[in-house]
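Colleague: File model13.pdb below, PDB, C-alpha atoms:
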ATOM      1  CA  TRP A   1    -106.266  90.134  77.230  1.00  0.00           C
ATOM      2  CA  LEU A   2    -106.685  87.190  79.573  1.00  0.00           C
ATOM      3  CA  LYS A   3    -103.807  85.209  80.978  1.00  0.00           C
ATOM      4  CA  GLY A   4    -103.457  81.453  80.208  1.00  0.00           C
ATOM      5  CA  SER A   5    -105.359  80.000  83.164  1.00  0.00           C
ATOM      6  CA  ASP A   6    -108.049  82.687  82.972  1.00  0.00           C
ATOM      7  CA  CYS A   7    -108.991  81.487  79.480  1.00  0.00           C
ATOM      8  CA  LEU A   8    -110.109  78.108  80.707  1.00  0.00           C
ATOM      9  CA  PRO A   9    -113.636  77.724  82.053  1.00  0.00           C
ATOM     10  CA  PRO A  10    -113.940  76.664  85.684  1.00  0.00           C
ATOM     11  CA  PRO A  11    -114.262  72.905  86.182  1.00  0.00           C
ATOM     12  CA  SER A  12    -117.841  71.771  86.018  1.00  0.00           C
ATOM     13  CA  PRO A  13    -119.226  70.043  89.107  1.00  0.00           C
ATOM     14  CA  CYS A  14    -121.117  67.704  86.749  1.00  0.00           C
ATOM     15  CA  LEU A  15    -117.833  66.478  85.320  1.00  0.00           C
ATOM     16  CA  SER A  16    -116.627  65.166  88.639  1.00  0.00           C
ATOM     17  CA  LEU A  17    -119.936  63.389  89.263  1.00  0.00           C
ATOM     18  CA  SER A  18    -119.860  61.643  85.918  1.00  0.00           C
ATOM     19  CA  ALA A  19    -116.213  60.762  86.393  1.00  0.00           C
ATOM     20  CA  ARG A  20    -117.084  59.087  89.715  1.00  0.00           C
ATOM     21  CA  ALA A  21    -120.074  57.269  88.211  1.00  0.00           C
ATOM     22  CA  MET A  22    -118.152  56.108  85.171  1.00  0.00           C
ATOM     23  CA  PRO A  23    -116.399  53.077  86.733  1.00  0.00           C
ATOM     24  CA  ALA A  24    -119.744  51.720  87.964  1.00  0.00           C
ATOM     25  CA  GLU A  25    -121.300  52.294  84.540  1.00  0.00           C
ATOM     26  CA  THR A  26    -118.307  50.620  82.922  1.00  0.00           C
ATOM     27  CA  ASP A  27    -118.644  47.617  85.260  1.00  0.00           C
ATOM     28  CA  GLN A  28    -122.356  47.400  84.504  1.00  0.00           C
ATOM     29  CA  ARG A  29    -121.668  47.574  80.767  1.00  0.00           C
ATOM     30  CA  GLN A  30    -118.994  44.868  81.056  1.00  0.00           C
ATOM     31  CA  LEU A  31    -121.414  42.725  83.046  1.00  0.00           C
ATOM     32  CA  GLN A  32    -124.061  43.227  80.376  1.00  0.00           C
ATOM     33  CA  ILE A  33    -121.610  42.131  77.656  1.00  0.00           C
ATOM     34  CA  LYS A  34    -120.439  39.074  79.602  1.00  0.00           C
ATOM     35  CA  VAL A  35    -123.996  37.987  80.473  1.00  0.00           C
ATOM     36  CA  GLY A  36    -124.965  38.374  76.809  1.00  0.00           C
ATOM     37  CA  SER A  37    -121.995  36.280  75.669  1.00  0.00           C
ATOM     38  CA  VAL A  38    -122.833  33.463  78.080  1.00  0.00           C
ATOM     39  CA  LYS A  39    -126.552  33.543  77.180  1.00  0.00           C
ATOM     40  CA  ARG A  40    -125.836  33.451  73.447  1.00  0.00           C
ATOM     41  CA  THR A  41    -123.207  30.685  73.698  1.00  0.00           C
ATOM     42  CA  LYS A  42    -125.369  28.623  76.075  1.00  0.00           C
ATOM     43  CA  LYS A  43    -128.255  28.846  73.621  1.00  0.00           C
ATOM     44  CA  GLU A  44    -125.937  27.830  70.759  1.00  0.00           C
ATOM     45  CA  TYR A  45    -124.556  24.870  72.752  1.00  0.00           C
ATOM     46  CA  GLU A  46    -128.061  23.670  73.658  1.00  0.00           C
ATOM     47  CA  ALA A  47    -129.093  23.891  69.991  1.00  0.00           C
ATOM     48  CA  TYR A  48    -126.117  21.747  68.933  1.00  0.00           C
ATOM     49  CA  LEU A  49    -126.950  19.184  71.618  1.00  0.00           C
ATOM     50  CA  ARG A  50    -130.541  18.980  70.340  1.00  0.00           C
ATOM     51  CA  GLU A  51    -129.284  18.706  66.760  1.00  0.00           C
ATOM     52  CA  ASP A  52    -126.929  15.872  67.796  1.00  0.00           C
ATOM     53  CA  ILE A  53    -129.814  13.899  69.287  1.00  0.00           C
ATOM     54  CA  ALA A  54    -132.090  14.568  66.313  1.00  0.00           C
ATOM     55  CA  GLN A  55    -129.423  13.542  63.769  1.00  0.00           C
ATOM     56  CA  ARG A  56    -128.635  10.326  65.651  1.00  0.00           C
ATOM     57  CA  ARG A  57    -132.341   9.433  65.688  1.00  0.00           C
ATOM     58  CA  LYS A  58    -132.646  10.209  61.997  1.00  0.00           C
ATOM     59  CA  VAL A  59    -129.656   7.986  61.108  1.00  0.00           C
ATOM     60  CA  GLU A  60    -130.999   5.130  63.249  1.00  0.00           C
ATOM     61  CA  GLN A  61    -134.445   5.504  61.701  1.00  0.00           C
ATOM     62  CA  MET A  62    -132.981   5.492  58.196  1.00  0.00           C
ATOM     63  CA  LYS A  63    -130.990   2.344  58.976  1.00  0.00           C
ATOM     64  CA  ALA A  64    -134.069   0.651  60.455  1.00  0.00           C
ATOM     65  CA  GLU A  65    -136.135   1.525  57.377  1.00  0.00           C
ATOM     66  CA  GLY A  66    -133.431   0.234  55.044  1.00  0.00           C
ATOM     67  CA  ALA A  67    -132.677   3.560  53.395  1.00  0.00           C
ATOM     68  CA  GLU A  68    -130.068   3.776  50.663  1.00  0.00           C
ATOM     69  CA  GLU A  69    -126.462   3.749  51.812  1.00  0.00           C
ATOM     70  CA  GLY A  70    -125.768   7.096  50.094  1.00  0.00           C
ATOM     71  CA  ASP A  71    -128.570   8.820  52.014  1.00  0.00           C
ATOM     72  CA  ILE A  72    -127.372   7.360  55.320  1.00  0.00           C
ATOM     73  CA  LYS A  73    -123.832   8.440  54.539  1.00  0.00           C
ATOM     74  CA  LYS A  74    -125.031  12.004  53.861  1.00  0.00           C
ATOM     75  CA  GLN A  75    -126.850  12.123  57.217  1.00  0.00           C
ATOM     76  CA  MET A  76    -123.728  10.778  58.935  1.00  0.00           C
ATOM     77  CA  GLU A  77    -121.788  13.704  57.437  1.00  0.00           C
ATOM     78  CA  VAL A  78    -124.346  16.131  58.890  1.00  0.00           C
ATOM     79  CA  LEU A  79    -124.032  14.389  62.277  1.00  0.00           C
ATOM     80  CA  ASN A  80    -120.230  14.575  62.100  1.00  0.00           C
ATOM     81  CA  ASP A  81    -120.405  18.306  61.356  1.00  0.00           C
ATOM     82  CA  THR A  82    -122.459  18.771  64.510  1.00  0.00           C
ATOM     83  CA  LEU A  83    -120.073  16.620  66.534  1.00  0.00           C
ATOM     84  CA  THR A  84    -117.155  18.698  65.242  1.00  0.00           C
ATOM     85  CA  VAL A  85    -118.529  22.037  66.510  1.00  0.00           C
ATOM     86  CA  LEU A  86    -119.757  20.751  69.889  1.00  0.00           C
ATOM     87  CA  PRO A  87    -116.325  20.677  71.640  1.00  0.00           C
ATOM     88  CA  ASP A  88    -115.447  24.194  70.458  1.00  0.00           C
ATOM     89  CA  THR A  89    -118.803  25.561  71.564  1.00  0.00           C
ATOM     90  CA  ARG A  90    -118.455  23.832  74.932  1.00  0.00           C
ATOM     91  CA  GLN A  91    -114.980  25.335  75.436  1.00  0.00           C
ATOM     92  CA  ARG A  92    -116.240  28.810  74.575  1.00  0.00           C
ATOM     93  CA  LEU A  93    -119.151  28.391  76.982  1.00  0.00           C
ATOM     94  CA  GLN A  94    -116.758  27.288  79.740  1.00  0.00           C
ATOM     95  CA  LYS A  95    -114.456  30.222  79.042  1.00  0.00           C
ATOM     96  CA  TYR A  96    -117.208  32.867  78.939  1.00  0.00           C
ATOM     97  CA  SER A  97    -118.922  31.444  82.033  1.00  0.00           C
ATOM     98  CA  ARG A  98    -115.675  31.379  83.978  1.00  0.00           C
ATOM     99  CA  GLU A  99    -114.906  34.966  82.932  1.00  0.00           C
ATOM    100  CA  LEU A 100    -118.402  36.019  84.020  1.00  0.00           C
ATOM    101  CA  ALA A 101    -118.052  34.262  87.386  1.00  0.00           C
ATOM    102  CA  GLU A 102    -114.640  35.829  88.027  1.00  0.00           C
ATOM    103  CA  PHE A 103    -115.814  39.299  86.977  1.00  0.00           C
ATOM    104  CA  MET A 104    -118.876  39.084  89.205  1.00  0.00           C
ATOM    105  CA  ALA A 105    -116.819  37.850  92.180  1.00  0.00           C
ATOM    106  CA  ARG A 106    -114.449  40.774  91.714  1.00  0.00           C
ATOM    107  CA  SER A 107    -116.871  43.581  90.741  1.00  0.00           C
ATOM    108  CA  PHE A 108    -120.187  42.523  92.296  1.00  0.00           C
ATOM    109  CA  PRO A 109    -119.458  40.389  95.382  1.00  0.00           C
ATOM    110  CA  ASP A 110    -122.601  41.720  97.078  1.00  0.00           C
ATOM    111  CA  GLU A 111    -126.085  42.061  95.698  1.00  0.00           C
ATOM    112  CA  PRO A 112    -126.728  45.619  94.429  1.00  0.00           C
ATOM    113  CA  PRO A 113    -129.300  47.675  96.337  1.00  0.00           C
ATOM    114  CA  ALA A 114    -132.965  47.386  95.363  1.00  0.00           C
ATOM    115  CA  GLU A 115    -132.945  50.972  94.057  1.00  0.00           C
ATOM    116  CA  GLU A 116    -130.634  49.910  91.242  1.00  0.00           C
ATOM    117  CA  GLU A 117    -133.211  47.596  89.655  1.00  0.00           C
ATOM    118  CA  GLU A 118    -131.512  47.164  86.293  1.00  0.00           C
ATOM    119  CA  LEU A 119    -128.101  46.367  87.776  1.00  0.00           C
ATOM    120  CA  ARG A 120    -129.615  44.102  90.407  1.00  0.00           C
ATOM    121  CA  ALA A 121    -131.542  42.132  87.777  1.00  0.00           C
ATOM    122  CA  LEU A 122    -128.389  41.808  85.671  1.00  0.00           C
ATOM    123  CA  VAL A 123    -126.320  40.545  88.616  1.00  0.00           C
ATOM    124  CA  LEU A 124    -128.997  37.998  89.540  1.00  0.00           C
ATOM    125  CA  GLU A 125    -129.249  36.863  85.921  1.00  0.00           C
ATOM    126  CA  GLY A 126    -125.469  36.495  85.753  1.00  0.00           C
ATOM    127  CA  ARG A 127    -125.390  34.417  88.922  1.00  0.00           C
ATOM    128  CA  GLN A 128    -128.167  32.171  87.615  1.00  0.00           C
ATOM    129  CA  LEU A 129    -126.363  31.732  84.292  1.00  0.00           C
ATOM    130  CA  VAL A 130    -123.140  30.722  86.060  1.00  0.00           C
ATOM    131  CA  LYS A 131    -125.083  28.229  88.194  1.00  0.00           C
ATOM    132  CA  ASP A 132    -126.994  26.781  85.212  1.00  0.00           C
ATOM    133  CA  THR A 133    -123.872  26.542  83.078  1.00  0.00           C
ATOM    134  CA  SER A 134    -121.937  24.869  85.887  1.00  0.00           C
ATOM    135  CA  GLU A 135    -124.667  22.230  86.178  1.00  0.00           C
ATOM    136  CA  MET A 136    -124.934  21.795  82.413  1.00  0.00           C
ATOM    137  CA  LEU A 137    -121.194  21.298  81.975  1.00  0.00           C
ATOM    138  CA  GLY A 138    -120.831  19.268  85.164  1.00  0.00           C
ATOM    139  CA  GLU A 139    -118.149  21.451  86.685  1.00  0.00           C
ATOM    140  CA  SER A 140    -117.780  24.302  89.124  1.00  0.00           C
ATOM    141  CA  LEU A 141    -116.941  27.552  87.363  1.00  0.00           C
ATOM    142  CA  VAL A 142    -116.334  29.456  90.598  1.00  0.00           C
ATOM    143  CA  ASP A 143    -113.034  28.990  92.382  1.00  0.00           C
ATOM    144  CA  GLU A 144    -113.794  27.393  95.757  1.00  0.00           C
ATOM    145  CA  SER A 145    -111.206  29.579  97.517  1.00  0.00           C
ATOM    146  CA  GLU A 146    -112.977  32.726  96.243  1.00  0.00           C
ATOM    147  CA  ALA A 147    -116.285  31.449  97.556  1.00  0.00           C
ATOM    148  CA  CYS A 148    -114.777  30.740 100.988  1.00  0.00           C
ATOM    149  CA  GLU A 149    -112.942  34.053 101.254  1.00  0.00           C
ATOM    150  CA  THR A 150    -116.193  36.023 101.235  1.00  0.00           C
ATOM    151  CA  SER A 151    -118.253  33.726 103.427  1.00  0.00           C
ATOM    152  CA  ASN A 152    -118.285  36.187 106.355  1.00  0.00           C
ATOM    153  CA  ASN A 153    -121.356  38.249 105.293  1.00  0.00           C
ATOM    154  CA  GLY A 154    -119.614  39.409 102.146  1.00  0.00           C
ATOM    155  CA  MET A 155    -116.519  40.535 104.069  1.00  0.00           C
ATOM    156  CA  PRO A 156    -113.140  38.959 103.315  1.00  0.00           C
ATOM    157  CA  VAL A 157    -112.073  36.391 105.860  1.00  0.00           C
ATOM    158  CA  ASP A 158    -108.684  36.811 107.499  1.00  0.00           C
ATOM    159  CA  GLU A 159    -106.332  34.085 106.331  1.00  0.00           C
ATOM    160  CA  PHE A 160    -103.772  34.565 109.130  1.00  0.00           C
TER     161      PHE A 160
END
So that I can check it, write out the structure of this file as structure tokens.

Modeller:
Amino acid sequence: WLKGSDCLPPPSPCLSLSARAMPAETDQRQLQIKVGSVKRTKKEYEAYLREDIAQRRKVEQMKAEGAEEGDIKKQMEVLNDTLTVLPDTRQRLQKYSRELAEFMARSFPDEPPAEEEELRALVLEGRQLVKDTSEMLGESLVDESEACETSNNGMPVDEF
């Protein structure tokens, strides 16, 4: 019979290739998840902002038309519900956008090569989302020191 190590099949060369590719695939998958979270939360936040404006107009219109107090009160409750969820949605959007910006700065500081179309498109979409969200929320989601550290053609700058 065969001895212990002879029973095992030789290591497959494909295994080592997939093991090397796995971290990049994992990073791409994480990027995909983070981009999706920001897109979904941004869309939700924008919908609540539109609903806020629409409800305010409706209440003002009802008051101007002399609608019954009970109907106005009901619309005010709907408006208050919207106003209640807005801060939470904004905080989640800030959190997810910041996490995306930090992940991209750490895992994708440079633009992926053109051959990796899917990854490149995802990185560009992520960067655009961070920019748009920063403008929408009126705050920078990227740490200024991180932006300065890689200002030398993508290479870290010596701090000494």

Colleague: Given the file shown, determine the residues that the PyMOL selection byres ((chain A and resi 133) around 8) selects; report them as a PyMOL selection string.

Modeller: chain A and resi 42+93-94+97+129-132+134-137

Colleague: How would you write, as a PyMOL selection string, the residues chosen by the PyMOL selection byres ((chain A and resi 85) around 12) on this structure?

Modeller: chain A and resi 44-45+47-49+51-52+78-84+86-92

Colleague: What does the distance from CA of Arg98 in chain A to CA of Ala54 in chain A come to in Å, to one decimal?

Modeller: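 Pair CA of Arg98 in chain A / CA of Ala54 in chain A returns 29.4 Å.
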
Colleague: Quick one: distance from CA of Lys58 in chain A to CA of Asp71 in chain A in Å, one decimal?

Modeller: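 Calculated distance between CA of Lys58 in chain A and CA of Asp71 in chain A is 10.9 Å.
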
Colleague: Suppose you want the space between CA of Gly126 in chain A and CA of Gln32 in chain A; what is it in Å?

Modeller: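 So the answer is 8.7 Å.
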
Colleague: So what does the PyMOL selection byres ((chain A and resi 125) around 12) actually pick up in this one, as a list in words?

Modeller: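 After applying the PyMOL selection byres ((chain A and resi 125) around 12), what remains is Leu31, Gln32, Lys34, Val35, Gly36, Val38, Lys39, Leu100, Ala101, Met104, Glu111, Glu118, Leu119, Arg120, Ala121, Leu122, Val123, Leu124, Gly126, Arg127, Gln128, Leu129, Val130, Lys131, Asp132 and Thr133 of chain A.
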
Colleague: Counting all atoms listed in the file, figure out which residue out of A:Thr26, A:Ser107, A:Met76, A:Glu139 gets nearest to Glu60 in chain A.

Modeller: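 Counting all atoms listed in the file, the residue closest to Glu60 in chain A is A:Met76.
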
Colleague: Since the input is missing atoms, can you rebuild N, CA, C and O atoms for range 71-91 of chain A and write them as a compact mmCIF listing (two decimals), in the frame of the given file?

Modeller:
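The resulting file, rebuild-v8.txt, is shown below:
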# COMPACT_ATOMS: atom_id res chain seq x y z
N ASP A 71 -127.78 7.90 51.18
CA ASP A 71 -128.57 8.82 52.01
C ASP A 71 -128.12 8.75 53.47
O ASP A 71 -128.00 9.78 54.15
N ILE A 72 -127.85 7.54 53.94
CA ILE A 72 -127.37 7.36 55.32
C ILE A 72 -126.01 8.03 55.49
O ILE A 72 -125.76 8.72 56.48
N LYS A 73 -125.16 7.84 54.48
CA LYS A 73 -123.83 8.44 54.54
C LYS A 73 -123.94 9.97 54.61
O LYS A 73 -123.19 10.62 55.36
N LYS A 74 -124.85 10.55 53.86
CA LYS A 74 -125.03 12.00 53.86
C LYS A 74 -125.48 12.48 55.25
O LYS A 74 -124.98 13.49 55.76
N GLN A 75 -126.40 11.76 55.87
CA GLN A 75 -126.85 12.12 57.22
C GLN A 75 -125.73 11.95 58.25
O GLN A 75 -125.64 12.72 59.21
N MET A 76 -124.87 10.97 58.04
CA MET A 76 -123.73 10.78 58.94
C MET A 76 -122.77 11.97 58.83
O MET A 76 -122.18 12.39 59.82
N GLU A 77 -122.62 12.52 57.62
CA GLU A 77 -121.79 13.70 57.44
C GLU A 77 -122.36 14.90 58.21
O GLU A 77 -121.62 15.66 58.84
N VAL A 78 -123.68 15.05 58.16
CA VAL A 78 -124.35 16.13 58.89
C VAL A 78 -124.12 15.94 60.39
O VAL A 78 -123.80 16.89 61.11
N LEU A 79 -124.27 14.70 60.86
CA LEU A 79 -124.03 14.39 62.28
C LEU A 79 -122.58 14.69 62.66
O LEU A 79 -122.32 15.30 63.71
N ASN A 80 -121.64 14.31 61.81
CA ASN A 80 -120.23 14.58 62.10
C ASN A 80 -119.92 16.07 62.15
O ASN A 80 -119.09 16.51 62.95
N ASP A 81 -120.58 16.85 61.30
CA ASP A 81 -120.40 18.31 61.36
C ASP A 81 -120.84 18.84 62.72
O ASP A 81 -120.16 19.68 63.31
N THR A 82 -121.96 18.35 63.20
CA THR A 82 -122.46 18.77 64.51
C THR A 82 -121.49 18.35 65.60
O THR A 82 -121.17 19.13 66.50
N LEU A 83 -121.01 17.12 65.52
CA LEU A 83 -120.07 16.62 66.53
C LEU A 83 -118.75 17.37 66.51
O LEU A 83 -118.06 17.45 67.52
N THR A 84 -118.40 17.94 65.37
CA THR A 84 -117.16 18.70 65.24
C THR A 84 -117.25 20.04 65.97
O THR A 84 -116.28 20.48 66.59
N VAL A 85 -118.41 20.71 65.90
CA VAL A 85 -118.53 22.04 66.51
C VAL A 85 -118.87 21.98 68.00
O VAL A 85 -118.67 22.96 68.71
N LEU A 86 -119.38 20.86 68.47
CA LEU A 86 -119.76 20.75 69.89
C LEU A 86 -118.59 21.02 70.86
O LEU A 86 -118.76 21.81 71.79
N PRO A 87 -117.42 20.42 70.68
CA PRO A 87 -116.32 20.68 71.64
C PRO A 87 -115.90 22.15 71.67
O PRO A 87 -115.64 22.71 72.74
N ASP A 88 -115.83 22.78 70.51
CA ASP A 88 -115.45 24.19 70.46
C ASP A 88 -116.48 25.06 71.17
O ASP A 88 -116.13 25.96 71.95
N THR A 89 -117.74 24.78 70.93
CA THR A 89 -118.80 25.56 71.56
C THR A 89 -118.78 25.34 73.07
O THR A 89 -118.96 26.30 73.84
N ARG A 90 -118.54 24.13 73.49
CA ARG A 90 -118.46 23.83 74.93
C ARG A 90 -117.29 24.59 75.57
O ARG A 90 -117.44 25.18 76.64
N GLN A 91 -116.14 24.62 74.91
CA GLN A 91 -114.98 25.34 75.44
C GLN A 91 -115.26 26.84 75.54
O GLN A 91 -114.88 27.47 76.52
